[in-house]
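Novice: Structure: work28.pdb, PDB, C-alpha atoms.
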```pdb
MODEL        1
ATOM      1  CA  ASN A   1      93.120 107.410  87.569
ATOM      2  CA  ALA A   2      93.606 104.816  90.291
ATOM      3  CA  GLY A   3      97.365 105.397  90.668
ATOM      4  CA  VAL A   4      98.681 102.989  93.307
ATOM      5  CA  THR A   5      96.214 100.732  95.072
ATOM      6  CA  GLN A   6      96.971  98.579  98.109
ATOM      7  CA  THR A   7      94.826  95.775  99.462
ATOM      8  CA  PRO A   8      93.829  95.227 102.179
ATOM      9  CA  LYS A   9      93.726  98.525 104.086
ATOM     10  CA  PHE A  10      93.544  96.899 107.522
ATOM     11  CA  ARG A  11      94.374  93.435 108.802
ATOM     12  CA  VAL A  12      94.808  91.701 112.133
ATOM     13  CA  LEU A  13      96.909  88.532 112.178
ATOM     14  CA  LYS A  14      97.763  86.022 114.850
ATOM     15  CA  THR A  15     101.423  85.233 115.451
ATOM     16  CA  GLY A  16     102.581  82.597 112.993
ATOM     17  CA  GLN A  17      99.910  83.260 110.376
ATOM     18  CA  SER A  18     100.810  84.186 106.826
ATOM     19  CA  MET A  19      99.409  86.801 104.504
ATOM     20  CA  THR A  20     100.076  88.635 101.257
ATOM     21  CA  LEU A  21      99.706  92.338 100.636
ATOM     22  CA  LEU A  22      98.928  93.325  97.073
ATOM     23  CA  CYS A  23     100.078  96.505  95.367
ATOM     24  CA  ALA A  24      98.814  97.457  91.928
ATOM     25  CA  GLN A  25      99.781 100.479  89.827
ATOM     26  CA  ASP A  26      98.348 101.625  86.536
ATOM     27  CA  MET A  27     101.034 104.141  85.528
ATOM     28  CA  ASN A  28     103.323 101.678  83.759
ATOM     29  CA  HIS A  29     106.099 102.440  86.263
ATOM     30  CA  GLU A  30     109.235 100.348  86.243
ATOM     31  CA  TYR A  31     110.123 100.758  89.925
ATOM     32  CA  MET A  32     108.020  99.548  92.815
ATOM     33  CA  TYR A  33     108.758  99.641  96.524
ATOM     34  CA  TRP A  34     107.483  98.299  99.835
ATOM     35  CA  TYR A  35     108.060 100.366 102.979
ATOM     36  CA  ARG A  36     107.074 100.020 106.587
ATOM     37  CA  GLN A  37     106.353 103.039 108.763
ATOM     38  CA  ASP A  38     106.911 102.940 112.512
ATOM     39  CA  PRO A  39     106.727 105.885 114.937
ATOM     40  CA  GLY A  40     109.947 107.895 115.041
ATOM     41  CA  MET A  41     111.611 105.851 112.314
ATOM     42  CA  GLY A  42     110.228 107.306 109.117
ATOM     43  CA  LEU A  43     109.659 104.959 106.195
ATOM     44  CA  ARG A  44     112.088 102.079 105.946
ATOM     45  CA  LEU A  45     112.544 100.186 102.697
ATOM     46  CA  ILE A  46     111.733  96.481 102.889
ATOM     47  CA  HIS A  47     112.153  95.310  99.284
ATOM     48  CA  TYR A  48     112.012  96.931  95.903
ATOM     49  CA  SER A  49     111.849  96.022  92.229
ATOM     50  CA  VAL A  50     113.375  97.701  89.207
ATOM     51  CA  GLY A  51     111.311  95.760  86.714
ATOM     52  CA  GLU A  52     109.116  92.756  86.034
ATOM     53  CA  GLY A  53     110.678  89.582  87.367
ATOM     54  CA  THR A  54     113.333  91.368  89.459
ATOM     55  CA  THR A  55     113.440  92.109  93.194
ATOM     56  CA  ALA A  56     116.052  93.382  95.630
ATOM     57  CA  LYS A  57     116.439  93.726  99.386
ATOM     58  CA  GLY A  58     116.078  97.035 101.139
ATOM     59  CA  GLU A  59     117.030  98.069 104.677
ATOM     60  CA  VAL A  60     114.747  95.698 106.613
ATOM     61  CA  PRO A  61     114.026  92.615 104.458
ATOM     62  CA  ASP A  62     114.051  89.886 107.129
ATOM     63  CA  GLY A  63     110.741  88.104 107.564
ATOM     64  CA  TYR A  64     109.340  89.314 104.238
ATOM     65  CA  ASN A  65     109.316  88.031 100.683
ATOM     66  CA  VAL A  66     108.211  89.714  97.485
ATOM     67  CA  SER A  67     107.336  88.880  93.928
ATOM     68  CA  ARG A  68     106.819  90.873  90.773
ATOM     69  CA  LEU A  69     105.443  88.510  88.161
ATOM     70  CA  LYS A  70     103.622  91.302  86.332
ATOM     71  CA  LYS A  71     104.869  94.835  85.826
ATOM     72  CA  GLN A  72     101.796  96.373  87.424
ATOM     73  CA  ASN A  73     101.756  94.224  90.570
ATOM     74  CA  PHE A  74     104.141  93.916  93.515
ATOM     75  CA  LEU A  75     103.286  91.439  96.261
ATOM     76  CA  LEU A  76     104.619  91.478  99.814
ATOM     77  CA  GLY A  77     104.404  88.255 101.784
ATOM     78  CA  LEU A  78     104.731  87.473 105.450
ATOM     79  CA  GLU A  79     105.276  83.737 105.858
ATOM     80  CA  SER A  80     105.074  83.616 109.659
ATOM     81  CA  ALA A  81     103.905  86.876 111.164
ATOM     82  CA  ALA A  82     105.517  88.213 114.350
ATOM     83  CA  PRO A  83     104.391  91.036 116.668
ATOM     84  CA  SER A  84     107.469  93.023 115.531
ATOM     85  CA  GLN A  85     105.860  93.222 112.090
ATOM     86  CA  THR A  86     102.988  95.294 113.430
ATOM     87  CA  SER A  87     103.278  98.438 111.334
ATOM     88  CA  VAL A  88     101.799 100.520 108.549
ATOM     89  CA  TYR A  89     102.938  99.291 105.153
ATOM     90  CA  PHE A  90     103.195 101.491 102.097
ATOM     91  CA  CYS A  91     103.665 100.579  98.496
ATOM     92  CA  ALA A  92     105.063 103.097  96.025
ATOM     93  CA  SER A  93     106.000 103.233  92.372
ATOM     94  CA  SER A  94     108.120 105.498  90.208
ATOM     95  CA  SER A  95     109.479 105.829  86.719
ATOM     96  CA  TRP A  96     113.152 105.150  86.031
ATOM     97  CA  GLN A  97     113.523 108.148  83.774
ATOM     98  CA  GLY A  98     115.172 111.272  85.063
ATOM     99  CA  GLY A  99     113.693 114.753  85.196
ATOM    100  CA  LEU A 100     110.117 115.332  86.211
ATOM    101  CA  ASN A 101     109.194 111.669  86.428
ATOM    102  CA  THR A 102     111.339 110.825  89.397
ATOM    103  CA  GLU A 103     108.770 111.280  92.150
ATOM    104  CA  ALA A 104     107.273 108.247  93.859
ATOM    105  CA  PHE A 105     103.519 107.742  94.018
ATOM    106  CA  PHE A 106     102.180 106.050  97.119
ATOM    107  CA  GLY A 107      99.293 103.813  97.978
ATOM    108  CA  GLN A 108      96.973 104.541 100.915
ATOM    109  CA  GLY A 109      98.826 102.267 103.292
ATOM    110  CA  THR A 110      97.916  99.027 105.079
ATOM    111  CA  ARG A 111      97.688  98.933 108.849
ATOM    112  CA  LEU A 112      98.760  95.476 110.007
ATOM    113  CA  THR A 113      98.500  94.327 113.590
ATOM    114  CA  VAL A 114     100.033  91.032 114.702
ATOM    115  CA  VAL A 115      98.742  89.739 118.020
TER
ATOM    116  CA  ALA B   1     125.078 103.888 102.603
ATOM    117  CA  GLN B   2     122.663 106.674 101.927
ATOM    118  CA  THR B   3     121.260 108.325 105.040
ATOM    119  CA  VAL B   4     118.778 111.121 105.548
ATOM    120  CA  THR B   5     118.526 112.912 108.893
ATOM    121  CA  GLN B   6     115.774 115.157 110.175
ATOM    122  CA  SER B   7     116.929 116.509 113.530
ATOM    123  CA  GLN B   8     113.607 118.083 114.543
ATOM    124  CA  PRO B   9     111.054 115.448 115.628
ATOM    125  CA  GLU B  10     108.479 118.182 116.294
ATOM    126  CA  MET B  11     108.001 121.794 115.248
ATOM    127  CA  SER B  12     105.237 124.320 115.811
ATOM    128  CA  VAL B  13     104.331 127.582 114.102
ATOM    129  CA  GLN B  14     101.667 130.234 114.453
ATOM    130  CA  GLU B  15      99.191 130.546 111.631
ATOM    131  CA  ALA B  16     100.435 133.016 108.966
ATOM    132  CA  GLU B  17     104.021 132.772 110.229
ATOM    133  CA  THR B  18     107.020 131.121 108.547
ATOM    134  CA  VAL B  19     108.673 127.889 109.621
ATOM    135  CA  THR B  20     111.758 126.035 108.381
ATOM    136  CA  LEU B  21     112.205 122.272 108.604
ATOM    137  CA  SER B  22     115.746 120.893 108.461
ATOM    138  CA  CYS B  23     117.140 117.929 106.559
ATOM    139  CA  THR B  24     120.669 116.700 105.987
ATOM    140  CA  TYR B  25     121.793 113.742 103.912
ATOM    141  CA  ASP B  26     124.901 111.762 103.298
ATOM    142  CA  THR B  27     125.866 110.513  99.867
ATOM    143  CA  SER B  28     128.830 109.915  97.586
ATOM    144  CA  GLU B  29     126.684 110.311  94.469
ATOM    145  CA  SER B  30     126.869 113.422  92.314
ATOM    146  CA  ASP B  31     123.507 113.016  90.581
ATOM    147  CA  TYR B  32     120.433 112.638  92.770
ATOM    148  CA  TYR B  33     117.047 114.049  93.679
ATOM    149  CA  LEU B  34     115.649 115.393  96.921
ATOM    150  CA  PHE B  35     112.020 115.564  97.974
ATOM    151  CA  TRP B  36     109.782 116.753 100.737
ATOM    152  CA  TYR B  37     106.642 114.710 101.318
ATOM    153  CA  LYS B  38     103.717 115.635 103.534
ATOM    154  CA  GLN B  39     101.682 113.054 105.430
ATOM    155  CA  PRO B  40      98.461 114.374 106.989
ATOM    156  CA  PRO B  41      96.409 112.287 109.450
ATOM    157  CA  SER B  42      94.774 110.566 106.473
ATOM    158  CA  ARG B  43      98.124 108.769 106.043
ATOM    159  CA  GLN B  44      98.348 109.661 102.350
ATOM    160  CA  MET B  45     101.864 110.593 101.206
ATOM    161  CA  ILE B  46     101.762 113.851  99.232
ATOM    162  CA  LEU B  47     104.694 115.299  97.312
ATOM    163  CA  VAL B  48     105.341 118.893  98.393
ATOM    164  CA  ILE B  49     108.436 119.835  96.418
ATOM    165  CA  ARG B  50     111.375 118.289  94.554
ATOM    166  CA  GLN B  51     114.930 119.421  93.820
ATOM    167  CA  GLU B  52     117.356 118.032  91.249
ATOM    168  CA  ALA B  53     120.920 118.079  92.570
ATOM    169  CA  TYR B  54     122.364 119.416  89.312
ATOM    170  CA  LYS B  55     120.172 122.528  89.521
ATOM    171  CA  GLN B  56     121.661 125.396  91.500
ATOM    172  CA  GLN B  57     118.391 127.272  91.719
ATOM    173  CA  ASN B  58     116.272 126.466  94.752
ATOM    174  CA  ALA B  59     112.880 124.954  93.981
ATOM    175  CA  THR B  60     109.704 126.853  94.851
ATOM    176  CA  GLU B  61     106.063 125.765  94.878
ATOM    177  CA  ASN B  62     103.734 128.560  95.968
ATOM    178  CA  ARG B  63     104.249 128.958  99.753
ATOM    179  CA  PHE B  64     106.842 126.185  99.885
ATOM    180  CA  SER B  65     110.493 126.709  99.046
ATOM    181  CA  VAL B  66     113.757 124.932  99.741
ATOM    182  CA  ASN B  67     117.248 126.005 100.676
ATOM    183  CA  PHE B  68     119.490 123.493  98.921
ATOM    184  CA  GLN B  69     123.143 123.599  99.993
ATOM    185  CA  LYS B  70     124.851 120.865  97.994
ATOM    186  CA  ALA B  71     128.307 121.209  99.523
ATOM    187  CA  ALA B  72     126.848 121.072 103.030
ATOM    188  CA  LYS B  73     124.416 118.283 102.012
ATOM    189  CA  SER B  74     121.542 120.256 103.469
ATOM    190  CA  PHE B  75     117.980 120.525 102.158
ATOM    191  CA  SER B  76     115.629 122.582 104.311
ATOM    192  CA  LEU B  77     111.958 123.319 103.646
ATOM    193  CA  LYS B  78     110.492 126.763 104.295
ATOM    194  CA  ILE B  79     106.742 127.147 104.636
ATOM    195  CA  SER B  80     105.562 130.743 104.374
ATOM    196  CA  ASP B  81     102.207 132.091 105.542
ATOM    197  CA  SER B  82     101.500 128.831 107.387
ATOM    198  CA  GLN B  83      97.941 127.541 107.247
ATOM    199  CA  LEU B  84      96.076 125.141 109.498
ATOM    200  CA  GLY B  85      96.020 122.653 106.634
ATOM    201  CA  ASP B  86      99.815 122.526 106.661
ATOM    202  CA  ALA B  87      99.764 120.583 109.913
ATOM    203  CA  ALA B  88     101.179 117.159 109.131
ATOM    204  CA  MET B  89     104.215 114.922 109.323
ATOM    205  CA  TYR B  90     106.870 116.039 106.841
ATOM    206  CA  PHE B  91     109.434 113.663 105.402
ATOM    207  CA  CYS B  92     112.629 114.520 103.585
ATOM    208  CA  ALA B  93     113.687 111.930 101.001
ATOM    209  CA  TYR B  94     116.666 111.228  98.775
ATOM    210  CA  LYS B  95     116.781 109.291  95.524
ATOM    211  CA  THR B  96     119.554 108.513  93.101
ATOM    212  CA  SER B  97     118.934 108.196  89.394
ATOM    213  CA  GLY B  98     119.011 104.468  90.006
ATOM    214  CA  SER B  99     116.280 103.265  92.227
ATOM    215  CA  ARG B 100     116.232 103.474  96.004
ATOM    216  CA  LEU B 101     114.229 106.195  97.726
ATOM    217  CA  THR B 102     115.457 106.815 101.285
ATOM    218  CA  PHE B 103     113.454 108.738 103.893
ATOM    219  CA  GLY B 104     114.328 110.678 107.014
ATOM    220  CA  GLU B 105     112.623 110.092 110.356
ATOM    221  CA  GLY B 106     110.049 112.819 109.855
ATOM    222  CA  THR B 107     109.113 116.130 111.523
ATOM    223  CA  GLN B 108     105.656 116.567 113.028
ATOM    224  CA  LEU B 109     104.472 120.120 112.294
ATOM    225  CA  THR B 110     101.770 121.728 114.414
ATOM    226  CA  VAL B 111     100.114 124.944 113.256
ATOM    227  CA  ASN B 112      98.597 127.014 116.059
ATOM    228  CA  PRO B 113      95.630 129.283 115.297
TER
ENDMDL
END
```
Turn this file's structure into structure tokens for me.
Specialist:
Amino acid sequence: NAGVTQTPKFRVLKTGQSMTLLCAQDMNHEYMYWYRQDPGMGLRLIHYSVGEGTTAKGEVPDGYNVSRLKKQNFLLGLESAAPSQTSVYFCASSSWQGGLNTEAFFGQGTRLTVV
Amino acid sequence: AQTVTQSQPEMSVQEAETVTLSCTYDTSESDYYLFWYKQPPSRQMILVIRQEAYKQQNATENRFSVNFQKAAKSFSLKISDSQLGDAAMYFCAYKTSGSRLTFGEGTQLTVNP
């Protein structure tokens, strides 16, 4: 089982460049999330989606856009990268049902450096 | 707004000893879930233990157990018989039955041989 797969795993961008991070899950989960992880700040929610075709803002959405055209994919875009967006990005997915299916499954993370 | 606070940025424990990591949260919801995740140097996020708020009994998974105090909004993790492989960053997280999963700042656990 692949679970949650993120691509790429590493990337270096120049200030002002754009890129898209891809998250794919094969568990038929309704919910998908994008987080960024910075030292001393835990994981902060950027955007999330509760189903195909829907997205919502999290705690730190500025400078990012997302799309969920297919249930299994959740894309995170940076239109004009800034050094402040240097971080490790995690994608996660979870089921909407209660009980034992509430845990989130995470991808391996993407280390992005903006120079 | 939902907030999760881990007041211990770093903790250390001797191998085979017991350590407790603290977590408090703030919510107006009555139905929610709490989690502890472990993140080793590999960066992979690994679920350690979960607790449903409606359950009074504290969750236990082998050497890992929680002390869930709903009225105090406290959710601490106890690791018994600590092993070198337990060394990692530990995150407390909160999730409502809706959608958002909110994390604390993390506690870096060192296990000394």
Novice: Just say which residues the PyMOL selection byres ((chain A) within 9 of (chain B)) picks in this file, as a list in words.
Specialist: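 Going through the file, the PyMOL selection byres ((chain A) within 9 of (chain B)) ends up selecting Tyr31, Tyr33, Pro39, Gly40, Met41, Gly42, Leu43, Arg44, Leu45, Tyr48, Ser49, Val50, Gly58, Ser94, Trp96, Gln97, Gly98, Gly99, Leu100, Thr102, Glu103, Ala104, Phe105, Phe106, Gly107, Gln108 and Gly109 of chain A.
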Novice: May I ask which of the residues B:Thr27, B:Thr110, B:Gln69, B:Ser76 is the closest one to Met11 of chain B, counting all atoms listed in the file?
Specialist: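 For Met11 of chain B, the nearest of the given residues is B:Thr110.
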Novice: One decimal, Å: what's the distance from atom CA of Pro61 of chain A over to atom CA of Ser30 of chain B, could you say?
Specialist: 27.3 Å
Novice: Taking the file as shown, find all residues satisfying the PyMOL selection byres ((chain A and resi 63-73) around 9) and write them as a short mmCIF file (atom, residue, chain, number, x, y, z; two decimals) with C-alpha atoms, in the frame of the given file.
Specialist:
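To be explicit, this is the file written out as part08.cif:
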```
data_model
loop_
_atom_site.label_atom_id
_atom_site.label_comp_id
_atom_site.auth_asym_id
_atom_site.auth_seq_id
_atom_site.Cartn_x
_atom_site.Cartn_y
_atom_site.Cartn_z
CA LEU A 22 98.93 93.32 97.07
CA CYS A 23 100.08 96.50 95.37
CA ALA A 24 98.81 97.46 91.93
CA GLN A 25 99.78 100.48 89.83
CA ASP A 26 98.35 101.62 86.54
CA MET A 27 101.03 104.14 85.53
CA ASN A 28 103.32 101.68 83.76
CA HIS A 29 106.10 102.44 86.26
CA GLU A 30 109.24 100.35 86.24
CA TYR A 31 110.12 100.76 89.92
CA MET A 32 108.02 99.55 92.82
CA TRP A 34 107.48 98.30 99.84
CA ILE A 46 111.73 96.48 102.89
CA HIS A 47 112.15 95.31 99.28
CA TYR A 48 112.01 96.93 95.90
CA SER A 49 111.85 96.02 92.23
CA GLY A 51 111.31 95.76 86.71
CA GLU A 52 109.12 92.76 86.03
CA GLY A 53 110.68 89.58 87.37
CA THR A 54 113.33 91.37 89.46
CA THR A 55 113.44 92.11 93.19
CA ALA A 56 116.05 93.38 95.63
CA VAL A 60 114.75 95.70 106.61
CA PRO A 61 114.03 92.62 104.46
CA ASP A 62 114.05 89.89 107.13
CA PHE A 74 104.14 93.92 93.52
CA LEU A 75 103.29 91.44 96.26
CA LEU A 76 104.62 91.48 99.81
CA GLY A 77 104.40 88.26 101.78
CA LEU A 78 104.73 87.47 105.45
CA GLU A 79 105.28 83.74 105.86
CA SER A 80 105.07 83.62 109.66
CA ALA A 81 103.90 86.88 111.16
CA ALA A 82 105.52 88.21 114.35
CA GLN A 85 105.86 93.22 112.09
#
```
Novice: With only C-alpha atoms as the basis for distance, which of B:Ala59, B:Ser22, B:Glu17, B:Leu77 is at the shortest distance from Thr5 of chain B?
Specialist: B:Ser22
Novice: Of the residues B:Thr24, B:Ser12, B:Gln39, B:Gln56, which is the one nearest to Phe75 of chain B, using all atoms listed in the file?
Specialist: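 Nearest candidate to Phe75 of chain B out of B:Thr24, B:Ser12, B:Gln39, B:Gln56: B:Thr24.
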Novice: Padding of 6 Å on every side, edges along x, y and z, all listed atoms of segment 31-36 of chain A included: what centre and edge lengths in Å, to one decimal, does that box have, as AutoDock Vina command-line options?
Specialist:
```
--center_x 108.6 --center_y 99.5 --center_z 98.3 --size_x 15.0 --size_y 14.5 --size_z 28.7
```
Novice: With distances taken over only C-alpha atoms, which residue among B:Pro40, B:Val111, B:Phe64, B:Ala71 lies nearest Ala16 of chain B?
Specialist: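 Ranking B:Pro40, B:Val111, B:Phe64, B:Ala71 by distance to Ala16 of chain B, first place goes to B:Val111.
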Novice: Quick one: distance from atom CA of Val115 of chain A to atom CA of Val12 of chain A in Å, one decimal?
Specialist: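 Taking atom CA of Val115 of chain A and atom CA of Val12 of chain A, their separation equals 7.3 Å.
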Novice: What does the distance between atom CA of Ser7 of chain B and atom CA of Lys57 of chain A come to in Å, to one decimal place?
Specialist: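 Computing the Euclidean distance for atom CA of Ser7 of chain B and atom CA of Lys57 of chain A yields 26.8 Å.
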Novice: List as a JSON list (two decimals) with C-alpha atoms, in the coordinates of the input: which residues have an atom within 10 Å of (99.2, 124.2, 103.3), counting all atoms listed in the file?
Specialist:
```json
[["chain", "number", "residue", "atom", "x", "y", "z"],
["B", 38, "LYS", "CA", 103.72, 115.64, 103.53],
["B", 48, "VAL", "CA", 105.34, 118.89, 98.39],
["B", 62, "ASN", "CA", 103.73, 128.56, 95.97],
["B", 63, "ARG", "CA", 104.25, 128.96, 99.75],
["B", 64, "PHE", "CA", 106.84, 126.18, 99.88],
["B", 79, "ILE", "CA", 106.74, 127.15, 104.64],
["B", 80, "SER", "CA", 105.56, 130.74, 104.37],
["B", 81, "ASP", "CA", 102.21, 132.09, 105.54],
["B", 82, "SER", "CA", 101.50, 128.83, 107.39],
["B", 83, "GLN", "CA", 97.94, 127.54, 107.25],
["B", 84, "LEU", "CA", 96.08, 125.14, 109.50],
["B", 85, "GLY", "CA", 96.02, 122.65, 106.63],
["B", 86, "ASP", "CA", 99.82, 122.53, 106.66],
["B", 87, "ALA", "CA", 99.76, 120.58, 109.91],
["B", 88, "ALA", "CA", 101.18, 117.16, 109.13]]
```
Novice: Return the single residue from B:Lys78, B:Pro41, B:Glu29, B:Val19 that is closest to Asn58 of chain B, with distances computed using all atoms listed in the file.
Specialist: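 Once distances to Asn58 of chain B are computed over all atoms listed in the file, the minimum belongs to B:Lys78.
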Novice: Applied to the shown file, which residues does the PyMOL selection byres ((chain B and resi 26) around 9) return, written as an mmCIF file with C-alpha atoms, in the frame of the given file?
Specialist:
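File written: expr_26.cif
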```cif
data_model
loop_
_atom_site.group_PDB
_atom_site.id
_atom_site.type_symbol
_atom_site.label_atom_id
_atom_site.label_comp_id
_atom_site.auth_asym_id
_atom_site.auth_seq_id
_atom_site.Cartn_x
_atom_site.Cartn_y
_atom_site.Cartn_z
ATOM 1 C CA ALA B 1 125.078 103.888 102.603
ATOM 2 C CA GLN B 2 122.663 106.674 101.927
ATOM 3 C CA THR B 3 121.260 108.325 105.040
ATOM 4 C CA VAL B 4 118.778 111.121 105.548
ATOM 5 C CA THR B 5 118.526 112.912 108.893
ATOM 6 C CA THR B 24 120.669 116.700 105.987
ATOM 7 C CA TYR B 25 121.793 113.742 103.912
ATOM 8 C CA THR B 27 125.866 110.513 99.867
ATOM 9 C CA SER B 28 128.830 109.915 97.586
ATOM 10 C CA LYS B 73 124.416 118.283 102.012
#
```
